[in-house]
$ cat structure.txt   # compact mmCIF, C-alpha atoms
# COMPACT_ATOMS: atom_id res chain seq x y z
CA MET A 24 -33.74 20.71 -12.99
CA SER A 25 -37.14 19.38 -12.04
CA GLY A 26 -38.21 20.14 -15.63
CA ALA A 27 -35.63 17.65 -16.85
CA ALA A 28 -36.83 15.07 -14.31
CA VAL A 29 -40.42 15.54 -15.48
CA THR A 30 -39.55 15.15 -19.16
CA TYR A 31 -37.52 12.05 -18.31
CA SER A 32 -40.18 10.38 -16.23
CA LYS A 33 -43.31 11.22 -18.24
CA PRO A 34 -43.02 8.52 -20.94
CA ARG A 35 -41.82 5.96 -18.40
CA LEU A 36 -44.77 6.78 -16.15
CA ALA A 37 -47.00 6.35 -19.18
CA THR A 38 -45.60 2.84 -19.83
CA PHE A 39 -45.99 2.03 -16.16
CA TRP A 40 -49.67 3.00 -16.20
CA TYR A 41 -50.19 1.15 -19.47
CA TYR A 42 -49.13 -2.11 -17.83
CA ALA A 43 -50.39 -1.39 -14.32
CA LYS A 44 -53.95 -0.72 -15.53
CA VAL A 45 -54.17 -4.35 -16.61
CA GLU A 46 -51.75 -6.21 -14.38
CA LEU A 47 -51.89 -4.49 -10.99
CA VAL A 48 -55.59 -3.82 -10.55
CA PRO A 49 -57.33 -5.49 -7.61
CA PRO A 50 -59.72 -8.34 -8.49
CA THR A 51 -63.28 -7.27 -9.25
CA PRO A 52 -66.02 -9.09 -7.28
CA ALA A 53 -66.96 -10.94 -10.45
CA GLU A 54 -63.52 -12.50 -10.64
CA ILE A 55 -63.59 -13.97 -7.16
CA PRO A 56 -65.57 -17.14 -8.06
CA ARG A 57 -63.02 -17.87 -10.80
CA ALA A 58 -60.24 -17.38 -8.26
CA ILE A 59 -61.91 -19.84 -5.88
CA GLN A 60 -62.25 -22.36 -8.70
CA SER A 61 -58.53 -22.07 -9.50
CA LEU A 62 -57.81 -22.63 -5.83
CA LYS A 63 -59.98 -25.75 -5.86
CA LYS A 64 -58.09 -27.01 -8.90
CA ILE A 65 -54.79 -26.57 -7.08
CA VAL A 66 -56.06 -28.36 -3.97
CA ASN A 67 -57.38 -31.12 -6.21
CA SER A 68 -54.03 -31.54 -7.91
CA ALA A 69 -52.39 -31.78 -4.50
CA GLN A 70 -54.87 -34.44 -3.36
CA THR A 71 -54.78 -36.60 -6.49
CA GLY A 72 -51.01 -36.29 -6.83
CA SER A 73 -51.26 -34.87 -10.35
CA PHE A 74 -48.89 -32.09 -9.34
CA LYS A 75 -46.07 -34.62 -9.84
CA GLN A 76 -46.76 -34.38 -13.57
CA LEU A 77 -45.61 -30.77 -13.67
CA THR A 78 -42.34 -30.10 -15.42
CA VAL A 79 -39.54 -28.63 -13.36
CA LYS A 80 -39.78 -25.41 -15.34
CA GLU A 81 -43.48 -25.07 -14.52
CA ALA A 82 -42.82 -25.85 -10.87
CA VAL A 83 -40.09 -23.22 -10.68
CA LEU A 84 -42.35 -20.63 -12.30
CA ASN A 85 -45.14 -21.45 -9.86
CA GLY A 86 -42.67 -21.11 -7.01
CA LEU A 87 -41.59 -17.68 -8.25
CA VAL A 88 -45.16 -16.48 -8.58
CA ALA A 89 -45.99 -17.76 -5.09
CA THR A 90 -42.93 -15.99 -3.67
CA GLU A 91 -43.97 -12.75 -5.31
CA VAL A 92 -47.47 -13.03 -3.84
CA LEU A 93 -46.01 -13.65 -0.39
CA MET A 94 -43.69 -10.63 -0.69
CA TRP A 95 -46.73 -8.36 -0.93
CA PHE A 96 -47.33 -9.26 2.73
CA TYR A 97 -44.06 -7.61 3.71
CA VAL A 98 -44.87 -4.54 1.61
CA GLY A 99 -48.14 -4.35 3.54
CA GLU A 100 -46.25 -4.66 6.80
CA ILE A 101 -44.02 -1.74 5.81
CA ILE A 102 -47.13 0.34 5.16
CA GLY A 103 -48.72 -0.71 8.45
CA LYS A 104 -45.72 0.02 10.63
CA ARG A 105 -45.01 3.31 8.79
CA GLY A 106 -41.30 2.69 8.47
CA ILE A 107 -39.11 0.80 6.09
CA ILE A 108 -36.66 -0.85 8.46
CA GLY A 109 -37.80 -1.73 11.96
CA TYR A 110 -40.57 -0.47 14.16
CA ASP A 111 -40.10 3.17 15.10
CA VAL A 112 -41.33 2.93 18.71
CA MET B 28 -44.41 -3.00 -26.84
CA VAL B 29 -45.34 -6.31 -25.33
CA PRO B 30 -49.09 -6.40 -24.56
CA PRO B 31 -49.87 -6.55 -20.84
CA VAL B 32 -50.30 -9.99 -19.34
CA GLN B 33 -53.74 -11.08 -18.17
CA VAL B 34 -53.10 -11.96 -14.55
CA SER B 35 -55.12 -14.86 -13.13
CA PRO B 36 -57.76 -13.78 -10.60
CA LEU B 37 -56.36 -16.16 -8.01
CA ILE B 38 -53.02 -14.37 -8.12
CA LYS B 39 -54.70 -10.98 -7.89
CA LEU B 40 -56.80 -12.13 -4.94
CA GLY B 41 -53.72 -13.59 -3.26
CA ARG B 42 -51.66 -10.44 -3.77
CA TYR B 43 -54.19 -8.01 -2.41
CA SER B 44 -55.22 -10.19 0.52
CA ALA B 45 -51.54 -10.58 1.41
CA LEU B 46 -51.22 -6.78 1.23
CA PHE B 47 -54.15 -6.20 3.57
CA LEU B 48 -52.99 -8.88 5.98
CA GLY B 49 -49.55 -7.26 6.01
CA VAL B 50 -50.97 -3.81 6.76
CA ALA B 51 -53.10 -5.25 9.57
CA TYR B 52 -50.15 -7.19 11.02
CA GLY B 53 -47.81 -4.18 10.86
CA ALA B 54 -50.33 -1.87 12.49
CA THR B 55 -51.25 -4.27 15.33
CA ARG B 56 -47.60 -5.11 16.07
CA TYR B 57 -46.72 -1.40 16.15
CA ASN B 58 -49.52 -0.71 18.62
CA TYR B 59 -48.37 -3.67 20.71
CA LEU B 60 -44.71 -2.59 20.81
CA LYS B 61 -45.18 1.15 21.34
CA PRO B 62 -46.33 1.16 25.01
CA ARG B 63 -43.73 -1.48 25.89
CA ALA B 64 -40.91 0.61 24.44
CA GLU B 65 -42.12 3.70 26.31
CA GLU B 66 -42.29 1.73 29.57
CA GLU B 67 -38.75 0.47 29.04
CA ARG B 68 -37.46 3.99 28.31
CA ARG B 69 -39.16 5.26 31.46
CA ILE B 70 -37.61 2.53 33.58
CA ALA B 71 -34.17 3.13 32.04
CA ALA B 72 -34.43 6.86 32.79
CA GLU B 73 -35.35 6.17 36.43
CA GLU B 74 -32.46 3.74 36.82
CA LYS B 75 -30.08 6.30 35.36
CA LYS B 76 -31.36 8.93 37.77
CA LYS B 77 -30.78 6.62 40.74
CA GLN B 78 -27.29 5.74 39.56
CA ASP B 79 -26.45 9.42 39.10
CA GLU B 80 -27.66 10.16 42.65
CA LEU B 81 -25.48 7.39 44.09
CA LYS B 82 -22.45 8.59 42.12
CA ARG B 83 -23.00 12.13 43.29
CA ILE B 84 -23.15 11.01 46.92
CA ALA B 85 -20.04 8.87 46.53
CA ARG B 86 -18.16 11.75 44.95
CA GLU B 87 -19.09 14.17 47.72
CA LEU B 88 -18.07 11.64 50.33
CA ALA B 89 -14.70 11.17 48.60
CA GLU B 90 -14.22 14.94 48.56
CA VAL B 91 -14.81 15.21 52.31
CA VAL B 92 -12.27 12.46 52.96
CA PHE B 93 -9.79 14.14 50.61
CA LEU B 94 -10.05 17.47 52.41
CA GLY B 95 -9.60 15.67 55.72
CA CYS B 96 -6.48 14.01 54.28
CA LEU B 97 -5.07 17.40 53.19
CA SER B 98 -5.53 18.94 56.61
CA GLY B 99 -3.33 16.19 57.95
CA ASN B 100 -5.05 14.07 60.54
CA MET B 101 -8.06 12.38 59.04
CA CYS B 102 -6.30 10.22 56.46
CA PHE B 103 -6.77 6.75 57.96
CA SER B 104 -7.20 3.90 55.57
CA SER B 105 -10.49 3.12 57.27
CA ASN B 106 -11.72 6.57 56.29
CA LEU B 107 -11.32 6.08 52.59
CA PRO B 108 -14.51 4.83 50.93
CA ALA B 109 -14.20 1.55 49.07
CA GLN B 110 -13.46 2.45 45.48
CA ASP B 111 -15.04 -0.06 43.22
CA ASP B 112 -14.21 1.80 40.03
CA SER B 113 -11.49 4.15 38.85
CA ILE B 114 -11.09 7.71 40.06
CA LEU B 115 -11.34 8.91 36.51
CA LYS B 116 -15.10 9.21 36.55

$ encode --input "structure.txt" --output "structure tokens"
Amino acid sequence: MSGAAVTYSKPRLATFWYYAKVELVPPTPAEIPRAIQSLKKIVNSAQTGSFKQLTVKEAVLNGLVATEVLMWFYVGEIIGKRGIIGYDV
Amino acid sequence: MVPPVQVSPLIKLGRYSALFLGVAYGATRYNYLKPRAEEERRIAAEEKKKQDELKRIARELAEVVFLGCLSGNMCFSSNLPAQDDSILK
């Protein structure tokens, strides 16, 4: 039965790695200055008020991306407290 | 297959820093809560022990009064201990 599970999951694992190798890797040190520049651009747009020129669709997409980034915090908390629901004290 | 998306470095930085912050938060909160939960369990166990002692004493007292009642003469209402809960303990 585990043979069937392996044959089922192998190609799907391969697709997962194919995307994860590009999309889920941590930032290399060389990318950090670019990240800081993007952050400065965002702060700038907040200061000058140019964020009001975004379309609603763009704003919604940005909101979704921000939510996904924040959810990684809770995944980290699950790892840190070694339990999925609640603290096992 | 759709080619993998090139994720912006800011998003990558945000994701992984949120992950690390989450792990740190989960671990520190766990270490904060663990001794408190043990203390509370210890106190609850001591309280239970005391309550069991008191119940045992009350039960033995009631038995003495009951035997006195059976033998006929010691069944005054002033003898009976004040029952604050049901006999069906």

$ residues_around --input "structure.txt" --residues "range 83-92 of chain A" --least-positions-apart "3" --cutoff "6 Å" --atoms "only C-alpha atoms" --output "ChimeraX atom specification"
/A:80,95 /B:42

$ residues_near_point --input "structure.txt" --point "(-53.6, -13.1, -15.1)" --cutoff "12 Å" --atoms "only C-alpha atoms" --output "short mmCIF file (atom, residue, chain, number, x, y, z; two decimals) with C-alpha atoms, in the coordinates of the input"
data_model
loop_
_atom_site.label_atom_id
_atom_site.label_comp_id
_atom_site.auth_asym_id
_atom_site.auth_seq_id
_atom_site.Cartn_x
_atom_site.Cartn_y
_atom_site.Cartn_z
CA VAL A 45 -54.17 -4.35 -16.61
CA GLU A 46 -51.75 -6.21 -14.38
CA LEU A 47 -51.89 -4.49 -10.99
CA VAL A 48 -55.59 -3.82 -10.55
CA PRO A 49 -57.33 -5.49 -7.61
CA PRO A 50 -59.72 -8.34 -8.49
CA GLU A 54 -63.52 -12.50 -10.64
CA ARG A 57 -63.02 -17.87 -10.80
CA ALA A 58 -60.24 -17.38 -8.26
CA SER A 61 -58.53 -22.07 -9.50
CA VAL A 88 -45.16 -16.48 -8.58
CA PRO B 31 -49.87 -6.55 -20.84
CA VAL B 32 -50.30 -9.99 -19.34
CA GLN B 33 -53.74 -11.08 -18.17
CA VAL B 34 -53.10 -11.96 -14.55
CA SER B 35 -55.12 -14.86 -13.13
CA PRO B 36 -57.76 -13.78 -10.60
CA LEU B 37 -56.36 -16.16 -8.01
CA ILE B 38 -53.02 -14.37 -8.12
CA LYS B 39 -54.70 -10.98 -7.89
CA LEU B 40 -56.80 -12.13 -4.94
CA GLY B 41 -53.72 -13.59 -3.26
CA ARG B 42 -51.66 -10.44 -3.77
#

$ interface_residues --input "structure.txt" --of "chain B" --to "chain A" --cutoff "12 Å" --atoms "all atoms listed in the file" --output "ChimeraX atom specification"
/B:28-68

$ write_last_selection --input "structure.txt" --atoms "C-alpha atoms" --output "compact mmCIF listing (two decimals), keeping the file's coordinate frame"
# COMPACT_ATOMS: atom_id res chain seq x y z
CA MET B 28 -44.41 -3.00 -26.84
CA VAL B 29 -45.34 -6.31 -25.33
CA PRO B 30 -49.09 -6.40 -24.56
CA PRO B 31 -49.87 -6.55 -20.84
CA VAL B 32 -50.30 -9.99 -19.34
CA GLN B 33 -53.74 -11.08 -18.17
CA VAL B 34 -53.10 -11.96 -14.55
CA SER B 35 -55.12 -14.86 -13.13
CA PRO B 36 -57.76 -13.78 -10.60
CA LEU B 37 -56.36 -16.16 -8.01
CA ILE B 38 -53.02 -14.37 -8.12
CA LYS B 39 -54.70 -10.98 -7.89
CA LEU B 40 -56.80 -12.13 -4.94
CA GLY B 41 -53.72 -13.59 -3.26
CA ARG B 42 -51.66 -10.44 -3.77
CA TYR B 43 -54.19 -8.01 -2.41
CA SER B 44 -55.22 -10.19 0.52
CA ALA B 45 -51.54 -10.58 1.41
CA LEU B 46 -51.22 -6.78 1.23
CA PHE B 47 -54.15 -6.20 3.57
CA LEU B 48 -52.99 -8.88 5.98
CA GLY B 49 -49.55 -7.26 6.01
CA VAL B 50 -50.97 -3.81 6.76
CA ALA B 51 -53.10 -5.25 9.57
CA TYR B 52 -50.15 -7.19 11.02
CA GLY B 53 -47.81 -4.18 10.86
CA ALA B 54 -50.33 -1.87 12.49
CA THR B 55 -51.25 -4.27 15.33
CA ARG B 56 -47.60 -5.11 16.07
CA TYR B 57 -46.72 -1.40 16.15
CA ASN B 58 -49.52 -0.71 18.62
CA TYR B 59 -48.37 -3.67 20.71
CA LEU B 60 -44.71 -2.59 20.81
CA LYS B 61 -45.18 1.15 21.34
CA PRO B 62 -46.33 1.16 25.01
CA ARG B 63 -43.73 -1.48 25.89
CA ALA B 64 -40.91 0.61 24.44
CA GLU B 65 -42.12 3.70 26.31
CA GLU B 66 -42.29 1.73 29.57
CA GLU B 67 -38.75 0.47 29.04
CA ARG B 68 -37.46 3.99 28.31

$ atom_distance --input "structure.txt" --atom1 "CA of Val29 in chain A" --atom2 "CA of Ile108 in chain A"
29.3 Å

$ atom_distance --input "structure.txt" --atom1 "CA of Cys102 in chain B" --atom2 "CA of Ala89 in chain B"
11.5 Å
